[in-house]
Amino acid sequence: MEKIGVGFASVTDIEKKYVMDALDDERLSQGKYVQKFEREFALVHGQKYGVMCNSGTSALHLALETLKEVDGWDENTEVIVPTITFIATSNSVLHTGLKVVFVDVEPDTYNMDPKEIEKHITDNTKCIIPVHTFGMPCNMNAIMEIAKKHNLRVVEDCAEAHFAKVDDKPVGSFGVITCFSTYVAHTITTGIGGVVCTSDKNYMEILRSLVAHGRACTCERCVASDGKTVCPKRMQSDLDRRFTFIRIGYSYRVGEIEGALGLAQLERKDEIMGKRHENANYLINGLEKYENLIQLPRHPENIEHTYMMFPIVIKSSTGITMKEFVKYLEKCNIETRPMLPLLNQPIYIELFGDIEKDYPVAEYIDHYGFYIGCHHGLTIEQLDYQIEMIGKYLDAYANEKGDK
């Protein structure tokens with residue numbers, strides 16, 4: 001069996017058509033495709049405005065910089081993040097000059113545990129970043145209650161959870177600003193890219209300014225000017241507003257090709273998500289007989305999981321070590337990845353000290369959790385092979401343990 005990867009980028013005739021149209025228009029900077037993708041992506045996730053940028057990390061950074069400006073946050077401001085997440089979540093807080101406060105996660109969902117949040121809230125706490133890890137939505141109802149009680153901003157990190165839902169409400173619609181990644185192998189992809197969404201017009205205008213060096217002009221017509229039309233607002237001051245800068249911004253923009261890819265992928269979302277759900281359920285059904293040995297990604301009925309990946313956590317009572325298990329799977333050409341360990345990263349040990357032991361659930365997941373692929377590019381043969389190889393290892397271990 002050839003290598004079975006954890007990610008997949010699907011490019012069909014629709015993507016090729018839109019990209020070629022952008023090239024035929026000789027449009028490489030932002031234009032009609034970026035505009036349409038931003039609007040439609042935001043609406044799907046319950047927000048009015050979308051601002052496309054070059055990564056999910058940039059989206060988080062832009063969101064926090066916007067709130068920092070509006071709310072007057074300073075270097076003492078604390079932002080709560082989970083202990084299991086891709087390092088970009090907490091790095092974005094550090095990039096903004098704010099303080100990271102870690103909260104442990106739930107053992108079954110791997111998401112921020114609402115019961116742990118209030119223990120870490122101080123007078124300096126101003127924001128919570130819930131992360132919908134692996135495509136599994138957080139307990140947003142509980143988190144929003146806590147945020148309301150303590151007057152905290154909520155910035156959703158939806159990098160891995162496009163189109164997920166809680167009680168039929170889309171993720172991304174809970175926070176004041178929400179952030180997505182469209183990097184390669186995410187649920188939908190633009191190659192590189194991210195989107196930051198909001199329903200607040202003031203936030204949107206700040207986001208559009210920050211993404212493009214801090215310029216004064218943030219209207220959609222100027223942002224994606226086609227060179228053939230002139231926005232009447234441009235020359236209402238002594239300087240062209242596109243080249244007037246009112247804040248320290250960043251160069252986080254993407255181009256029309258990314259927008260074309262994104263729009264095509266968005267049009268295919270039902271096809272992509274349907275296949276991911278089908279593949280994840282197939283793996284669960286094939287592996288559920290081993291649930292005495294491993295934990296599978298189950299979820300409540302009110303949750304719509306998007307299965308960006310398929311997490312597996314070994315039960316510590318088995319005696320199975322993750323190192324040997326994943327080494328075996330990799331030898332079988334099944335790619336594995338650790339489940340986003342954060343607190344044991346060398347740079348974080350340097351910054352925060354040896355604090356992993358203070359967060360027992362995250363520590364457990366760091367040492368016993370990994371994930372495999374369940375993406376929309378997998379065939380039945382590949383799914384069966386993954387089930388077979390995992391089963392062989394677990395059966396052999398169980399038989400050996402039984403013999404002893």
# chains A, B, ... in the order shown; residues from 1 in each chain; ligands from 1
>>> residues_around(residues="segment 100-116 of chain A", least_positions_apart="3", cutoff="9 Å", atoms="only C-alpha atoms", output="PyMOL selection string")
chain A and resi 77-85+90-91+93-94+119-121+125+130-134+136-140+142-143+146+295-299+358-362+364-365
>>> select_by_dssp(residues="segment 257-370 of chain A", states="strand (DSSP E or B)", output="PyMOL selection string")
chain A and resi 294-295+303-304+310-314+334+337-338+369-370
>>> closest_residue(among="A:Glu15, A:Glu118, A:Pro170, A:Arg253", to="Glu145 of chain A", atoms="only C-alpha atoms")
A:Glu118
>>> residues_around(residues="segment 268-270 of chain A", least_positions_apart="2", cutoff="10 Å", atoms="only C-alpha atoms", output="compact mmCIF listing (two decimals) with N, CA, C and O atoms, in the first residue's frame")
# COMPACT_ATOMS: atom_id res chain seq x y z
N THR A 12 -10.35 20.01 -8.69
CA THR A 12 -11.20 19.50 -9.77
C THR A 12 -11.30 20.52 -10.89
O THR A 12 -10.65 21.57 -10.87
N ILE A 14 -13.61 22.54 -11.45
CA ILE A 14 -14.16 23.83 -11.00
C ILE A 14 -13.03 24.74 -10.55
O ILE A 14 -12.96 25.92 -10.94
N GLU A 15 -12.10 24.22 -9.74
CA GLU A 15 -10.95 25.01 -9.30
C GLU A 15 -10.13 25.49 -10.50
O GLU A 15 -9.73 26.66 -10.58
N HIS A 162 -14.20 24.10 9.75
CA HIS A 162 -15.12 24.72 8.80
C HIS A 162 -16.43 23.93 8.76
O HIS A 162 -16.42 22.70 8.69
N PHE A 163 -17.55 24.63 8.83
CA PHE A 163 -18.89 24.07 8.64
C PHE A 163 -19.39 23.20 9.80
O PHE A 163 -20.47 22.62 9.71
N THR A 187 -9.97 21.47 5.72
CA THR A 187 -11.23 20.95 5.17
C THR A 187 -11.48 21.47 3.76
O THR A 187 -11.79 20.71 2.84
N ILE A 188 -11.38 22.78 3.57
CA ILE A 188 -11.27 23.33 2.22
C ILE A 188 -9.97 24.12 2.18
O ILE A 188 -9.52 24.65 3.21
N GLY A 262 -10.57 29.14 -3.32
CA GLY A 262 -11.47 29.12 -2.18
C GLY A 262 -12.93 29.08 -2.59
O GLY A 262 -13.73 28.33 -2.02
N LEU A 263 -13.30 29.87 -3.58
CA LEU A 263 -14.69 29.90 -4.02
C LEU A 263 -15.10 28.55 -4.61
O LEU A 263 -16.20 28.05 -4.34
N ALA A 264 -14.22 27.95 -5.39
CA ALA A 264 -14.52 26.63 -5.95
C ALA A 264 -14.68 25.58 -4.86
O ALA A 264 -15.61 24.77 -4.88
N GLN A 265 -13.79 25.61 -3.88
CA GLN A 265 -13.87 24.66 -2.77
C GLN A 265 -15.15 24.87 -1.96
O GLN A 265 -15.78 23.91 -1.53
N LEU A 266 -15.52 26.12 -1.77
CA LEU A 266 -16.73 26.43 -1.01
C LEU A 266 -17.97 25.89 -1.73
O LEU A 266 -18.90 25.38 -1.08
N ILE A 272 -17.42 17.54 -0.15
CA ILE A 272 -16.23 17.31 0.67
C ILE A 272 -16.61 16.84 2.07
O ILE A 272 -16.07 15.85 2.58
N MET A 273 -17.58 17.54 2.69
CA MET A 273 -17.96 17.19 4.04
C MET A 273 -18.68 15.85 4.10
O MET A 273 -18.51 15.08 5.04
N GLY A 274 -19.49 15.57 3.10
CA GLY A 274 -20.19 14.29 3.07
C GLY A 274 -19.22 13.13 3.05
O GLY A 274 -19.41 12.12 3.75
N LYS A 275 -18.15 13.27 2.27
CA LYS A 275 -17.17 12.20 2.17
C LYS A 275 -16.37 12.05 3.47
O LYS A 275 -16.07 10.94 3.91
N ARG A 276 -16.04 13.17 4.10
CA ARG A 276 -15.31 13.11 5.37
C ARG A 276 -16.15 12.42 6.45
O ARG A 276 -15.65 11.58 7.20
>>> residues_around(residues="segment 172-184 of chain A", least_positions_apart="6", cutoff="7 Å", atoms="only C-alpha atoms", output="number ranges by chain")
A: 9, 45-47, 55-56, 59-60, 63, 153-159, 190-198
>>> write_last_selection(atoms="all heavy atoms", output="short mmCIF file (atom, residue, chain, number, x, y, z; two decimals), in the first residue's frame")
data_model
loop_
_atom_site.label_atom_id
_atom_site.label_comp_id
_atom_site.auth_asym_id
_atom_site.auth_seq_id
_atom_site.Cartn_x
_atom_site.Cartn_y
_atom_site.Cartn_z
N ALA A 9 -5.49 17.54 -0.72
CA ALA A 9 -5.96 18.73 -1.42
C ALA A 9 -6.60 18.30 -2.74
O ALA A 9 -5.94 17.77 -3.63
CB ALA A 9 -4.79 19.68 -1.69
N HIS A 45 -20.83 30.89 7.87
CA HIS A 45 -20.46 30.75 9.28
C HIS A 45 -21.13 31.79 10.17
O HIS A 45 -20.66 32.06 11.28
CB HIS A 45 -18.93 30.80 9.41
CG HIS A 45 -18.25 29.62 8.80
ND1 HIS A 45 -17.73 29.63 7.53
CD2 HIS A 45 -18.06 28.36 9.27
CE1 HIS A 45 -17.23 28.44 7.25
NE2 HIS A 45 -17.42 27.65 8.29
N GLY A 46 -22.22 32.36 9.69
CA GLY A 46 -23.04 33.20 10.54
C GLY A 46 -22.50 34.59 10.82
O GLY A 46 -22.89 35.22 11.81
N GLN A 47 -21.61 35.08 9.97
CA GLN A 47 -21.06 36.43 10.13
C GLN A 47 -21.31 37.26 8.86
O GLN A 47 -21.53 36.71 7.78
CB GLN A 47 -19.55 36.38 10.42
CG GLN A 47 -19.17 35.61 11.67
CD GLN A 47 -19.42 36.39 12.95
OE1 GLN A 47 -20.00 37.48 12.95
NE2 GLN A 47 -18.96 35.85 14.09
N SER A 55 -2.96 33.33 6.22
CA SER A 55 -2.91 32.12 7.06
C SER A 55 -3.91 32.23 8.19
O SER A 55 -4.38 33.34 8.53
CB SER A 55 -1.50 31.92 7.65
OG SER A 55 -1.23 32.90 8.64
N GLY A 56 -4.21 31.11 8.82
CA GLY A 56 -5.04 31.12 10.01
C GLY A 56 -4.33 31.79 11.17
O GLY A 56 -4.98 32.42 12.02
N ALA A 59 -4.88 35.37 10.72
CA ALA A 59 -6.26 35.70 11.07
C ALA A 59 -6.39 35.91 12.58
O ALA A 59 -7.02 36.88 13.04
CB ALA A 59 -7.19 34.58 10.61
N LEU A 60 -5.79 35.04 13.37
CA LEU A 60 -5.82 35.17 14.82
C LEU A 60 -5.10 36.44 15.28
O LEU A 60 -5.58 37.17 16.15
CB LEU A 60 -5.19 33.95 15.48
CG LEU A 60 -6.01 32.66 15.45
CD1 LEU A 60 -5.13 31.45 15.73
CD2 LEU A 60 -7.15 32.74 16.48
N ALA A 63 -7.24 39.45 14.50
CA ALA A 63 -8.38 39.53 15.41
C ALA A 63 -7.97 40.14 16.74
O ALA A 63 -8.64 41.04 17.27
CB ALA A 63 -8.98 38.14 15.62
N ARG A 153 -14.27 38.94 25.84
CA ARG A 153 -14.40 38.75 24.39
C ARG A 153 -14.15 37.28 24.06
O ARG A 153 -13.35 36.62 24.70
CB ARG A 153 -13.39 39.61 23.64
CG ARG A 153 -13.53 41.11 23.88
CD ARG A 153 -14.79 41.66 23.30
NE ARG A 153 -14.78 43.11 23.27
CZ ARG A 153 -15.80 43.85 22.89
NH1 ARG A 153 -16.94 43.26 22.51
NH2 ARG A 153 -15.72 45.16 22.88
N VAL A 154 -14.83 36.81 23.02
CA VAL A 154 -14.60 35.45 22.53
C VAL A 154 -14.14 35.52 21.09
O VAL A 154 -14.83 36.07 20.22
CB VAL A 154 -15.87 34.59 22.64
CG1 VAL A 154 -15.66 33.22 21.98
CG2 VAL A 154 -16.27 34.41 24.11
N VAL A 155 -12.96 34.99 20.84
CA VAL A 155 -12.42 34.86 19.48
C VAL A 155 -12.35 33.37 19.18
O VAL A 155 -11.56 32.65 19.80
CB VAL A 155 -11.02 35.50 19.36
CG1 VAL A 155 -10.42 35.20 17.97
CG2 VAL A 155 -11.09 37.00 19.59
N GLU A 156 -13.18 32.89 18.27
CA GLU A 156 -13.19 31.46 17.95
C GLU A 156 -12.05 31.11 17.00
O GLU A 156 -11.85 31.76 15.98
CB GLU A 156 -14.51 31.07 17.29
CG GLU A 156 -15.69 30.98 18.22
CD GLU A 156 -16.94 30.57 17.46
OE1 GLU A 156 -17.14 29.36 17.25
OE2 GLU A 156 -17.70 31.48 17.05
N ASP A 157 -11.33 30.06 17.33
CA ASP A 157 -10.33 29.49 16.44
C ASP A 157 -10.97 28.29 15.75
O ASP A 157 -11.09 27.21 16.32
CB ASP A 157 -9.09 29.06 17.23
CG ASP A 157 -7.96 28.55 16.35
OD1 ASP A 157 -8.24 28.15 15.20
OD2 ASP A 157 -6.80 28.53 16.81
N CYS A 158 -11.41 28.52 14.53
CA CYS A 158 -12.12 27.50 13.74
C CYS A 158 -11.23 26.93 12.65
O CYS A 158 -11.74 26.44 11.62
CB CYS A 158 -13.38 28.10 13.12
SG CYS A 158 -14.46 28.96 14.25
N ALA A 159 -9.92 27.00 12.82
CA ALA A 159 -8.99 26.58 11.77
C ALA A 159 -9.27 25.17 11.27
O ALA A 159 -9.13 24.89 10.07
CB ALA A 159 -7.56 26.68 12.28
N THR A 190 -7.05 26.79 0.06
CA THR A 190 -6.68 27.74 -0.99
C THR A 190 -5.17 27.68 -1.21
O THR A 190 -4.58 28.61 -1.76
CB THR A 190 -7.09 29.17 -0.59
OG1 THR A 190 -6.44 29.55 0.62
CG2 THR A 190 -8.60 29.28 -0.41
N GLY A 191 -4.55 26.59 -0.79
CA GLY A 191 -3.10 26.46 -0.87
C GLY A 191 -2.47 27.05 0.38
O GLY A 191 -2.03 26.35 1.28
N ILE A 192 -2.38 28.36 0.42
CA ILE A 192 -2.10 29.09 1.66
C ILE A 192 -3.29 30.01 1.89
O ILE A 192 -4.00 30.37 0.95
CB ILE A 192 -0.81 29.91 1.59
CG1 ILE A 192 -0.90 30.98 0.48
CG2 ILE A 192 0.40 29.03 1.39
CD1 ILE A 192 0.17 32.02 0.56
N GLY A 193 -3.53 30.38 3.13
CA GLY A 193 -4.61 31.33 3.35
C GLY A 193 -5.33 31.16 4.66
O GLY A 193 -5.16 30.17 5.38
N GLY A 194 -6.13 32.15 4.97
CA GLY A 194 -6.99 32.15 6.14
C GLY A 194 -8.10 33.16 5.94
O GLY A 194 -8.06 33.95 5.00
N VAL A 195 -9.08 33.13 6.82
CA VAL A 195 -10.18 34.08 6.76
C VAL A 195 -10.51 34.49 8.19
O VAL A 195 -10.57 33.65 9.09
CB VAL A 195 -11.45 33.47 6.12
CG1 VAL A 195 -12.50 34.57 5.90
CG2 VAL A 195 -11.14 32.77 4.82
N VAL A 196 -10.71 35.79 8.39
CA VAL A 196 -11.17 36.30 9.68
C VAL A 196 -12.53 36.94 9.45
O VAL A 196 -12.70 37.72 8.52
CB VAL A 196 -10.15 37.27 10.32
CG1 VAL A 196 -9.78 38.41 9.40
CG2 VAL A 196 -10.64 37.79 11.65
N CYS A 197 -13.51 36.56 10.27
CA CYS A 197 -14.91 36.96 10.06
C CYS A 197 -15.46 37.70 11.26
O CYS A 197 -15.08 37.42 12.41
CB CYS A 197 -15.78 35.73 9.79
SG CYS A 197 -15.29 34.75 8.36
N THR A 198 -16.38 38.60 11.00
CA THR A 198 -17.05 39.36 12.06
C THR A 198 -18.35 39.94 11.51
O THR A 198 -18.52 40.03 10.30
CB THR A 198 -16.15 40.49 12.59
OG1 THR A 198 -16.79 41.13 13.70
CG2 THR A 198 -15.86 41.52 11.51
#
>>> residues_around(residues="Asp13 of chain A", least_positions_apart="3", cutoff="12 Å", atoms="only C-alpha atoms", output="ChimeraX atom specification")
/A:10,16-20,261,264-265,268
>>> atom_distance(atom1="atom CA of Asn344 of chain A", atom2="atom CA of Trp73 of chain A")
28.5 Å
>>> select_by_dssp(residues="segment 44-214 of chain A", states="helix (DSSP H, G or I)", output="ChimeraX atom specification")
/A:44,56-71,88-95,114-120,133-135,140-150,201-211
>>> closest_residue(among="A:Pro346, A:Gly259, A:Gly369, A:Pro341", to="Arg27 of chain A", atoms="only C-alpha atoms")
A:Gly259
>>> residues_around(residues="Lys201 of chain A", least_positions_apart="4", cutoff="10 Å", atoms="only C-alpha atoms", output="JSON, numbers by chain")
{"A": [48, 49, 205, 206, 207]}
>>> closest_residue(among="A:Asn141, A:Asn333, A:Asn279, A:Asn399", to="Ile303 of chain A", atoms="only C-alpha atoms")
A:Asn141
>>> atom_distance(atom1="atom CA of Glu335 of chain A", atom2="atom CA of Glu2 of chain A")
10.5 Å
>>> closest_residue(among="A:Lys148, A:Lys289, A:Lys357, A:His367", to="Val326 of chain A", atoms="only C-alpha atoms")
A:His367
>>> decode(residues="segment 12-27 of chain A", atoms="all heavy atoms", output="PDB file, in the first residue's frame")
ATOM      1  N   THR A  12     -10.349  20.010  -8.692  1.00  0.00           N
ATOM      2  CA  THR A  12     -11.196  19.496  -9.766  1.00  0.00           C
ATOM      3  C   THR A  12     -11.299  20.522 -10.891  1.00  0.00           C
ATOM      4  O   THR A  12     -10.647  21.571 -10.869  1.00  0.00           O
ATOM      5  CB  THR A  12     -12.605  19.179  -9.229  1.00  0.00           C
ATOM      6  OG1 THR A  12     -13.251  20.407  -8.872  1.00  0.00           O
ATOM      7  CG2 THR A  12     -12.528  18.268  -8.002  1.00  0.00           C
ATOM      8  N   ASP A  13     -12.163  20.228 -11.854  1.00  0.00           N
ATOM      9  CA  ASP A  13     -12.333  21.136 -12.991  1.00  0.00           C
ATOM     10  C   ASP A  13     -12.862  22.499 -12.563  1.00  0.00           C
ATOM     11  O   ASP A  13     -12.602  23.504 -13.233  1.00  0.00           O
ATOM     12  CB  ASP A  13     -13.281  20.511 -14.020  1.00  0.00           C
ATOM     13  CG  ASP A  13     -12.648  19.343 -14.767  1.00  0.00           C
ATOM     14  OD1 ASP A  13     -11.407  19.236 -14.733  1.00  0.00           O
ATOM     15  OD2 ASP A  13     -13.399  18.549 -15.363  1.00  0.00           O
ATOM     16  N   ILE A  14     -13.615  22.540 -11.452  1.00  0.00           N
ATOM     17  CA  ILE A  14     -14.163  23.829 -10.996  1.00  0.00           C
ATOM     18  C   ILE A  14     -13.028  24.745 -10.549  1.00  0.00           C
ATOM     19  O   ILE A  14     -12.963  25.923 -10.938  1.00  0.00           O
ATOM     20  CB  ILE A  14     -15.155  23.626  -9.831  1.00  0.00           C
ATOM     21  CG1 ILE A  14     -16.311  22.725 -10.260  1.00  0.00           C
ATOM     22  CG2 ILE A  14     -15.684  24.970  -9.333  1.00  0.00           C
ATOM     23  CD1 ILE A  14     -17.254  22.358  -9.130  1.00  0.00           C
ATOM     24  N   GLU A  15     -12.096  24.217  -9.740  1.00  0.00           N
ATOM     25  CA  GLU A  15     -10.955  25.010  -9.300  1.00  0.00           C
ATOM     26  C   GLU A  15     -10.132  25.487 -10.502  1.00  0.00           C
ATOM     27  O   GLU A  15      -9.730  26.659 -10.579  1.00  0.00           O
ATOM     28  CB  GLU A  15     -10.055  24.206  -8.354  1.00  0.00           C
ATOM     29  CG  GLU A  15     -10.595  24.015  -6.948  1.00  0.00           C
ATOM     30  CD  GLU A  15     -11.538  22.828  -6.815  1.00  0.00           C
ATOM     31  OE1 GLU A  15     -11.825  22.168  -7.847  1.00  0.00           O
ATOM     32  OE2 GLU A  15     -11.980  22.553  -5.704  1.00  0.00           O
ATOM     33  N   LYS A  16      -9.898  24.572 -11.442  1.00  0.00           N
ATOM     34  CA  LYS A  16      -9.091  24.917 -12.617  1.00  0.00           C
ATOM     35  C   LYS A  16      -9.768  25.995 -13.457  1.00  0.00           C
ATOM     36  O   LYS A  16      -9.120  26.925 -13.956  1.00  0.00           O
ATOM     37  CB  LYS A  16      -8.842  23.663 -13.452  1.00  0.00           C
ATOM     38  CG  LYS A  16      -7.967  22.633 -12.756  1.00  0.00           C
ATOM     39  CD  LYS A  16      -7.872  21.347 -13.561  1.00  0.00           C
ATOM     40  CE  LYS A  16      -7.086  20.280 -12.810  1.00  0.00           C
ATOM     41  NZ  LYS A  16      -7.044  18.992 -13.546  1.00  0.00           N
ATOM     42  N   LYS A  17     -11.079  25.902 -13.590  1.00  0.00           N
ATOM     43  CA  LYS A  17     -11.829  26.888 -14.371  1.00  0.00           C
ATOM     44  C   LYS A  17     -11.708  28.274 -13.751  1.00  0.00           C
ATOM     45  O   LYS A  17     -11.436  29.260 -14.445  1.00  0.00           O
ATOM     46  CB  LYS A  17     -13.299  26.473 -14.453  1.00  0.00           C
ATOM     47  CG  LYS A  17     -14.186  27.476 -15.166  1.00  0.00           C
ATOM     48  CD  LYS A  17     -15.650  27.051 -15.116  1.00  0.00           C
ATOM     49  CE  LYS A  17     -16.546  28.128 -15.735  1.00  0.00           C
ATOM     50  NZ  LYS A  17     -17.984  27.750 -15.652  1.00  0.00           N
ATOM     51  N   TYR A  18     -11.903  28.373 -12.439  1.00  0.00           N
ATOM     52  CA  TYR A  18     -11.862  29.676 -11.780  1.00  0.00           C
ATOM     53  C   TYR A  18     -10.448  30.260 -11.783  1.00  0.00           C
ATOM     54  O   TYR A  18     -10.266  31.470 -11.979  1.00  0.00           O
ATOM     55  CB  TYR A  18     -12.381  29.567 -10.346  1.00  0.00           C
ATOM     56  CG  TYR A  18     -13.872  29.357 -10.232  1.00  0.00           C
ATOM     57  CD1 TYR A  18     -14.474  29.163  -8.994  1.00  0.00           C
ATOM     58  CD2 TYR A  18     -14.698  29.358 -11.365  1.00  0.00           C
ATOM     59  CE1 TYR A  18     -15.849  28.978  -8.869  1.00  0.00           C
ATOM     60  CE2 TYR A  18     -16.064  29.165 -11.257  1.00  0.00           C
ATOM     61  CZ  TYR A  18     -16.630  28.973 -10.016  1.00  0.00           C
ATOM     62  OH  TYR A  18     -17.985  28.787  -9.908  1.00  0.00           O
ATOM     63  N   VAL A  19      -9.449  29.418 -11.561  1.00  0.00           N
ATOM     64  CA  VAL A  19      -8.070  29.897 -11.574  1.00  0.00           C
ATOM     65  C   VAL A  19      -7.695  30.395 -12.969  1.00  0.00           C
ATOM     66  O   VAL A  19      -7.080  31.464 -13.121  1.00  0.00           O
ATOM     67  CB  VAL A  19      -7.097  28.795 -11.106  1.00  0.00           C
ATOM     68  CG1 VAL A  19      -5.647  29.176 -11.410  1.00  0.00           C
ATOM     69  CG2 VAL A  19      -7.258  28.546  -9.610  1.00  0.00           C
ATOM     70  N   MET A  20      -8.075  29.650 -14.001  1.00  0.00           N
ATOM     71  CA  MET A  20      -7.766  30.079 -15.362  1.00  0.00           C
ATOM     72  C   MET A  20      -8.498  31.370 -15.718  1.00  0.00           C
ATOM     73  O   MET A  20      -7.969  32.225 -16.439  1.00  0.00           O
ATOM     74  CB  MET A  20      -8.123  28.976 -16.357  1.00  0.00           C
ATOM     75  CG  MET A  20      -7.209  27.770 -16.307  1.00  0.00           C
ATOM     76  SD  MET A  20      -5.449  28.194 -16.424  1.00  0.00           S
ATOM     77  CE  MET A  20      -5.401  29.013 -18.023  1.00  0.00           C
ATOM     78  N   ASP A  21      -9.712  31.537 -15.202  1.00  0.00           N
ATOM     79  CA  ASP A  21     -10.452  32.771 -15.442  1.00  0.00           C
ATOM     80  C   ASP A  21      -9.725  33.953 -14.809  1.00  0.00           C
ATOM     81  O   ASP A  21      -9.618  35.031 -15.410  1.00  0.00           O
ATOM     82  CB  ASP A  21     -11.867  32.656 -14.876  1.00  0.00           C
ATOM     83  CG  ASP A  21     -12.710  33.891 -15.159  1.00  0.00           C
ATOM     84  OD1 ASP A  21     -12.800  34.291 -16.337  1.00  0.00           O
ATOM     85  OD2 ASP A  21     -13.256  34.463 -14.197  1.00  0.00           O
ATOM     86  N   ALA A  22      -9.211  33.747 -13.600  1.00  0.00           N
ATOM     87  CA  ALA A  22      -8.448  34.812 -12.938  1.00  0.00           C
ATOM     88  C   ALA A  22      -7.189  35.143 -13.735  1.00  0.00           C
ATOM     89  O   ALA A  22      -6.835  36.319 -13.904  1.00  0.00           O
ATOM     90  CB  ALA A  22      -8.080  34.388 -11.515  1.00  0.00           C
ATOM     91  N   LEU A  23      -6.518  34.125 -14.237  1.00  0.00           N
ATOM     92  CA  LEU A  23      -5.316  34.357 -15.035  1.00  0.00           C
ATOM     93  C   LEU A  23      -5.654  35.042 -16.362  1.00  0.00           C
ATOM     94  O   LEU A  23      -4.930  35.939 -16.814  1.00  0.00           O
ATOM     95  CB  LEU A  23      -4.597  33.037 -15.292  1.00  0.00           C
ATOM     96  CG  LEU A  23      -3.969  32.357 -14.067  1.00  0.00           C
ATOM     97  CD1 LEU A  23      -3.433  30.979 -14.435  1.00  0.00           C
ATOM     98  CD2 LEU A  23      -2.861  33.216 -13.472  1.00  0.00           C
ATOM     99  N   ASP A  24      -6.754  34.634 -16.982  1.00  0.00           N
ATOM    100  CA  ASP A  24      -7.167  35.264 -18.239  1.00  0.00           C
ATOM    101  C   ASP A  24      -7.516  36.735 -18.040  1.00  0.00           C
ATOM    102  O   ASP A  24      -7.331  37.559 -18.944  1.00  0.00           O
ATOM    103  CB  ASP A  24      -8.361  34.528 -18.846  1.00  0.00           C
ATOM    104  CG  ASP A  24      -7.980  33.159 -19.416  1.00  0.00           C
ATOM    105  OD1 ASP A  24      -6.770  32.947 -19.671  1.00  0.00           O
ATOM    106  OD2 ASP A  24      -8.879  32.313 -19.592  1.00  0.00           O
ATOM    107  N   ASP A  25      -8.034  37.059 -16.844  1.00  0.00           N
ATOM    108  CA  ASP A  25      -8.333  38.454 -16.515  1.00  0.00           C
ATOM    109  C   ASP A  25      -7.072  39.240 -16.177  1.00  0.00           C
ATOM    110  O   ASP A  25      -7.135  40.444 -15.918  1.00  0.00           O
ATOM    111  CB  ASP A  25      -9.294  38.524 -15.325  1.00  0.00           C
ATOM    112  CG  ASP A  25     -10.735  38.278 -15.726  1.00  0.00           C
ATOM    113  OD1 ASP A  25     -11.012  38.249 -16.940  1.00  0.00           O
ATOM    114  OD2 ASP A  25     -11.582  38.115 -14.820  1.00  0.00           O
ATOM    115  N   GLU A  26      -5.945  38.518 -16.150  1.00  0.00           N
ATOM    116  CA  GLU A  26      -4.658  39.109 -15.780  1.00  0.00           C
ATOM    117  C   GLU A  26      -4.750  39.757 -14.394  1.00  0.00           C
ATOM    118  O   GLU A  26      -4.219  40.837 -14.147  1.00  0.00           O
ATOM    119  CB  GLU A  26      -4.191  40.117 -16.834  1.00  0.00           C
ATOM    120  CG  GLU A  26      -3.976  39.475 -18.195  1.00  0.00           C
ATOM    121  CD  GLU A  26      -3.507  40.460 -19.250  1.00  0.00           C
ATOM    122  OE1 GLU A  26      -3.596  41.683 -19.008  1.00  0.00           O
ATOM    123  OE2 GLU A  26      -3.045  40.006 -20.304  1.00  0.00           O
ATOM    124  N   ARG A  27      -5.475  39.042 -13.520  1.00  0.00           N
ATOM    125  CA  ARG A  27      -5.708  39.553 -12.175  1.00  0.00           C
ATOM    126  C   ARG A  27      -5.017  38.648 -11.159  1.00  0.00           C
ATOM    127  O   ARG A  27      -5.451  37.516 -10.930  1.00  0.00           O
ATOM    128  CB  ARG A  27      -7.209  39.589 -11.888  1.00  0.00           C
ATOM    129  CG  ARG A  27      -7.566  40.227 -10.566  1.00  0.00           C
ATOM    130  CD  ARG A  27      -7.367  41.719 -10.602  1.00  0.00           C
ATOM    131  NE  ARG A  27      -7.417  42.315  -9.279  1.00  0.00           N
ATOM    132  CZ  ARG A  27      -7.241  43.605  -9.048  1.00  0.00           C
ATOM    133  NH1 ARG A  27      -6.993  44.415 -10.055  1.00  0.00           N
ATOM    134  NH2 ARG A  27      -7.296  44.082  -7.829  1.00  0.00           N
TER     135      ARG A  27
END
